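Structure below is upload.cif: mmCIF, N, CA and C atoms.
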data_protein
loop_
_atom_site.group_PDB
_atom_site.id
_atom_site.type_symbol
_atom_site.label_atom_id
_atom_site.label_comp_id
_atom_site.auth_asym_id
_atom_site.auth_seq_id
_atom_site.Cartn_x
_atom_site.Cartn_y
_atom_site.Cartn_z
ATOM 1 N N MET F 294 69.645 80.900 77.873
ATOM 2 C CA MET F 294 69.723 82.247 77.337
ATOM 3 C C MET F 294 69.496 83.288 78.431
ATOM 4 N N ALA F 295 68.581 83.034 79.327
ATOM 5 C CA ALA F 295 68.313 83.979 80.412
ATOM 6 C C ALA F 295 69.503 84.073 81.353
ATOM 7 N N ASN F 296 70.226 82.977 81.527
ATOM 8 C CA ASN F 296 71.392 82.979 82.408
ATOM 9 C C ASN F 296 72.482 83.894 81.843
ATOM 10 N N LYS F 297 72.661 83.886 80.526
ATOM 11 C CA LYS F 297 73.661 84.741 79.889
ATOM 12 C C LYS F 297 73.307 86.217 80.071
ATOM 13 N N GLU F 298 72.053 86.574 79.981
ATOM 14 C CA GLU F 298 71.616 87.957 80.148
ATOM 15 C C GLU F 298 71.839 88.438 81.568
ATOM 16 N N THR F 299 71.599 87.588 82.570
ATOM 17 C CA THR F 299 71.808 88.003 83.957
ATOM 18 C C THR F 299 73.297 88.168 84.248
ATOM 19 N N ASN F 300 74.155 87.348 83.618
ATOM 20 C CA ASN F 300 75.592 87.508 83.803
ATOM 21 C C ASN F 300 76.085 88.816 83.207
ATOM 22 N N GLU F 301 75.530 89.208 82.082
ATOM 23 C CA GLU F 301 75.914 90.467 81.461
ATOM 24 C C GLU F 301 75.451 91.659 82.291
ATOM 25 N N GLN F 302 74.342 91.538 82.960
ATOM 26 C CA GLN F 302 73.833 92.624 83.781
ATOM 27 C C GLN F 302 74.654 92.790 85.058
ATOM 28 N N LYS F 303 75.317 91.740 85.497
ATOM 29 C CA LYS F 303 76.072 91.808 86.744
ATOM 30 C C LYS F 303 77.518 92.237 86.545
ATOM 31 N N THR F 304 77.892 92.606 85.335
ATOM 32 C CA THR F 304 79.269 93.055 85.141
ATOM 33 C C THR F 304 79.476 94.370 85.870
ATOM 34 N N TRP F 305 80.676 94.554 86.376
ATOM 35 C CA TRP F 305 80.980 95.716 87.207
ATOM 36 C C TRP F 305 81.343 96.916 86.346
ATOM 37 N N MET F 306 80.754 98.027 86.642
ATOM 38 C CA MET F 306 81.070 99.284 85.982
ATOM 39 C C MET F 306 81.477 100.288 87.058
ATOM 40 N N PRO F 307 82.645 100.930 86.904
ATOM 41 C CA PRO F 307 83.065 101.891 87.932
ATOM 42 C C PRO F 307 82.195 103.145 87.907
ATOM 43 N N SER F 308 81.890 103.626 89.088
ATOM 44 C CA SER F 308 81.110 104.864 89.174
ATOM 45 C C SER F 308 82.059 106.056 89.194
ATOM 46 N N ILE F 309 81.498 107.228 89.082
ATOM 47 C CA ILE F 309 82.298 108.451 89.116
ATOM 48 C C ILE F 309 82.967 108.596 90.484
ATOM 49 N N LYS F 310 82.279 108.227 91.530
ATOM 50 C CA LYS F 310 82.833 108.297 92.882
ATOM 51 C C LYS F 310 84.060 107.389 92.997
ATOM 52 N N TRP F 311 83.975 106.170 92.463
ATOM 53 C CA TRP F 311 85.106 105.239 92.511
ATOM 54 C C TRP F 311 86.276 105.769 91.691
ATOM 55 N N LEU F 312 85.995 106.326 90.516
ATOM 56 C CA LEU F 312 87.049 106.878 89.670
ATOM 57 C C LEU F 312 87.757 108.042 90.358
ATOM 58 N N CYS F 313 87.001 108.910 91.016
ATOM 59 C CA CYS F 313 87.601 110.037 91.727
ATOM 60 C C CYS F 313 88.475 109.566 92.887
ATOM 61 N N LYS F 314 87.997 108.582 93.631
ATOM 62 C CA LYS F 314 88.781 108.049 94.751
ATOM 63 C C LYS F 314 90.067 107.398 94.259
ATOM 64 N N SER F 315 89.980 106.616 93.203
ATOM 65 C CA SER F 315 91.178 105.947 92.696
ATOM 66 C C SER F 315 92.163 106.972 92.130
ATOM 67 N N PHE F 316 91.675 108.003 91.448
ATOM 68 C CA PHE F 316 92.541 109.060 90.939
ATOM 69 C C PHE F 316 93.227 109.791 92.089
ATOM 70 N N LEU F 317 92.491 110.076 93.144
ATOM 71 C CA LEU F 317 93.046 110.763 94.301
ATOM 72 C C LEU F 317 94.126 109.911 94.977
ATOM 73 N N VAL F 318 93.876 108.623 95.119
ATOM 74 C CA VAL F 318 94.860 107.730 95.733
ATOM 75 C C VAL F 318 96.131 107.673 94.884
ATOM 76 N N ILE F 319 95.981 107.577 93.586
ATOM 77 C CA ILE F 319 97.142 107.527 92.700
ATOM 78 C C ILE F 319 97.934 108.828 92.784
ATOM 79 N N MET F 320 97.265 109.965 92.783
ATOM 80 C CA MET F 320 97.957 111.248 92.842
ATOM 81 C C MET F 320 98.671 111.430 94.177
ATOM 82 N N VAL F 321 98.049 111.042 95.273
ATOM 83 C CA VAL F 321 98.685 111.155 96.589
ATOM 84 C C VAL F 321 99.926 110.269 96.646
ATOM 85 N N CYS F 322 99.829 109.061 96.118
ATOM 86 C CA CYS F 322 100.993 108.166 96.088
ATOM 87 C C CYS F 322 102.116 108.748 95.246
ATOM 88 N N LEU F 323 101.795 109.346 94.114
ATOM 89 C CA LEU F 323 102.817 109.954 93.268
ATOM 90 C C LEU F 323 103.502 111.136 93.953
ATOM 91 N N VAL F 324 102.727 111.952 94.647
ATOM 92 C CA VAL F 324 103.308 113.103 95.340
ATOM 93 C C VAL F 324 104.211 112.636 96.475
ATOM 94 N N ILE F 325 103.768 111.646 97.242
ATOM 95 C CA ILE F 325 104.593 111.114 98.327
ATOM 96 C C ILE F 325 105.865 110.493 97.770
ATOM 97 N N MET F 326 105.750 109.759 96.681
ATOM 98 C CA MET F 326 106.926 109.136 96.080
ATOM 99 C C MET F 326 107.893 110.203 95.545
ATOM 100 N N PHE F 327 107.365 111.267 94.962
ATOM 101 C CA PHE F 327 108.224 112.338 94.452
ATOM 102 C C PHE F 327 109.040 112.960 95.570
ATOM 103 N N PHE F 328 108.385 113.328 96.674
ATOM 104 C CA PHE F 328 109.108 113.974 97.764
ATOM 105 C C PHE F 328 110.051 113.008 98.469
ATOM 106 N N ALA F 329 109.670 111.743 98.579
ATOM 107 C CA ALA F 329 110.553 110.753 99.200
ATOM 108 C C ALA F 329 111.805 110.542 98.354
ATOM 109 N N LEU F 330 111.637 110.398 97.045
ATOM 110 C CA LEU F 330 112.801 110.225 96.175
ATOM 111 C C LEU F 330 113.647 111.493 96.119
ATOM 112 N N ASN F 331 113.006 112.637 96.149
ATOM 113 C CA ASN F 331 113.743 113.894 96.161
ATOM 114 C C ASN F 331 114.607 113.984 97.417
ATOM 115 N N PHE F 332 114.067 113.574 98.540
ATOM 116 C CA PHE F 332 114.817 113.603 99.800
ATOM 117 C C PHE F 332 115.937 112.557 99.799
ATOM 118 N N LEU F 333 115.629 111.352 99.344
ATOM 119 C CA LEU F 333 116.605 110.270 99.376
ATOM 120 C C LEU F 333 117.735 110.458 98.360
ATOM 121 N N LEU F 334 117.422 111.021 97.215
ATOM 122 C CA LEU F 334 118.425 111.161 96.157
ATOM 123 C C LEU F 334 119.094 112.532 96.128
ATOM 124 N N LYS F 335 118.837 113.369 97.132
ATOM 125 C CA LYS F 335 119.412 114.708 97.180
ATOM 126 C C LYS F 335 120.943 114.695 97.090
ATOM 127 N N PRO F 336 121.658 113.798 97.765
ATOM 128 C CA PRO F 336 123.130 113.808 97.651
ATOM 129 C C PRO F 336 123.640 113.481 96.251
ATOM 130 N N TYR F 337 122.833 112.821 95.456
ATOM 131 C CA TYR F 337 123.281 112.411 94.129
ATOM 132 C C TYR F 337 122.898 113.396 93.030
ATOM 133 N N MET F 338 122.171 114.469 93.365
ATOM 134 C CA MET F 338 121.793 115.461 92.366
ATOM 135 C C MET F 338 122.970 116.380 92.089
ATOM 136 N N ARG F 339 123.141 116.722 90.830
ATOM 137 C CA ARG F 339 124.275 117.568 90.470
ATOM 138 C C ARG F 339 123.880 119.036 90.532
ATOM 139 N N ASP F 340 124.853 119.863 90.796
ATOM 140 C CA ASP F 340 124.641 121.309 90.796
ATOM 141 C C ASP F 340 124.829 121.821 89.377
ATOM 142 N N ILE F 341 123.849 122.565 88.903
ATOM 143 C CA ILE F 341 123.911 123.120 87.558
ATOM 144 C C ILE F 341 124.485 124.528 87.661
ATOM 145 N N PRO F 342 125.543 124.828 86.911
ATOM 146 C CA PRO F 342 126.133 126.168 86.970
ATOM 147 C C PRO F 342 125.141 127.234 86.511
ATOM 148 N N SER F 343 125.235 128.398 87.134
ATOM 149 C CA SER F 343 124.297 129.472 86.800
ATOM 150 C C SER F 343 124.552 130.048 85.414
ATOM 151 N N GLU F 344 125.739 129.822 84.849
ATOM 152 C CA GLU F 344 126.004 130.315 83.496
ATOM 153 C C GLU F 344 125.165 129.567 82.461
ATOM 154 N N ILE F 345 124.863 128.327 82.743
ATOM 155 C CA ILE F 345 124.064 127.520 81.822
ATOM 156 C C ILE F 345 122.588 127.886 81.934
ATOM 157 N N THR F 346 122.164 128.237 83.129
ATOM 158 C CA THR F 346 120.752 128.540 83.369
ATOM 159 C C THR F 346 120.620 129.983 83.845
ATOM 160 N N PRO F 347 120.489 130.931 82.932
ATOM 161 C CA PRO F 347 120.429 132.342 83.352
ATOM 162 C C PRO F 347 119.193 132.666 84.199
ATOM 163 N N TRP F 348 118.095 131.929 84.042
ATOM 164 C CA TRP F 348 116.916 132.211 84.852
ATOM 165 C C TRP F 348 117.162 131.843 86.309
ATOM 166 N N LEU F 349 118.011 130.839 86.568
ATOM 167 C CA LEU F 349 118.375 130.528 87.950
ATOM 168 C C LEU F 349 119.362 131.559 88.476
ATOM 169 N N ASN F 350 120.230 132.064 87.628
ATOM 170 C CA ASN F 350 121.200 133.078 88.018
ATOM 171 C C ASN F 350 120.478 134.340 88.476
ATOM 172 N N ASN F 351 119.425 134.748 87.773
ATOM 173 C CA ASN F 351 118.665 135.940 88.140
ATOM 174 C C ASN F 351 117.997 135.764 89.493
ATOM 175 N N SER F 352 117.433 134.602 89.761
ATOM 176 C CA SER F 352 116.750 134.403 91.028
ATOM 177 C C SER F 352 117.735 134.350 92.182
ATOM 178 N N GLN F 353 118.939 133.818 91.966
ATOM 179 C CA GLN F 353 119.952 133.780 93.005
ATOM 180 C C GLN F 353 120.453 135.193 93.322
ATOM 181 N N GLN F 354 120.587 136.035 92.311
ATOM 182 C CA GLN F 354 121.036 137.403 92.538
ATOM 183 C C GLN F 354 119.989 138.193 93.317
ATOM 184 N N GLN F 355 118.718 137.972 93.039
ATOM 185 C CA GLN F 355 117.656 138.672 93.736
ATOM 186 C C GLN F 355 117.607 138.259 95.208
ATOM 187 N N THR F 356 117.812 136.961 95.490
ATOM 188 C CA THR F 356 117.787 136.521 96.892
ATOM 189 C C THR F 356 118.999 137.047 97.642
ATOM 190 N N GLU F 357 120.138 137.190 96.966
ATOM 191 C CA GLU F 357 121.329 137.745 97.621
ATOM 192 C C GLU F 357 121.143 139.233 97.910
ATOM 193 N N LYS F 358 120.482 139.957 97.022
ATOM 194 C CA LYS F 358 120.223 141.381 97.250
ATOM 195 C C LYS F 358 119.238 141.582 98.393
ATOM 196 N N GLY F 359 118.292 140.653 98.531
ATOM 197 C CA GLY F 359 117.284 140.771 99.568
ATOM 198 C C GLY F 359 117.842 140.505 100.946
ATOM 199 N N ASN F 360 118.932 139.736 101.042
ATOM 200 C CA ASN F 360 119.523 139.416 102.347
ATOM 201 C C ASN F 360 120.461 140.449 102.796
#

Let me see whether you can do it: turn the structure in this file into structure tokens.
Amino acid sequence: MANKETNEQKTWMPSIKWLCKSFLVIMVCLVIMFFALNFLLKPYMRDIPSEITPWLNNSQQQTEKGN
């Protein structure tokens, strides 16, 4: 019976420090993967016409006026 109690006491519980580190590693990997895929798949992305997306049309007109 005492052996069972010592085994239960030795179970691993993650600390807040470990959780923060693992979350940070996961987020950094996701950001790197996002930018890598964005760079690699850039030739395969389609151009969306500005008539479909008026909010993009407005920003393009503002950048053209600024130049």

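Taking atom C of Ile345 (chain F) and atom C of Val324 (chain F) as endpoints, the distance between them is 28.0 Å.
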
query: In Å, how far is it from atom N of Leu317 (chain F) to atom C of Ala329 (chain F)?
result: 20.0 Å

message: What's the separation between CA of Leu334 (chain F) and CA of Phe316 (chain F), in Å to one decimal place?
response: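 CA of Leu334 (chain F) sits 26.5 Å away from CA of Phe316 (chain F).
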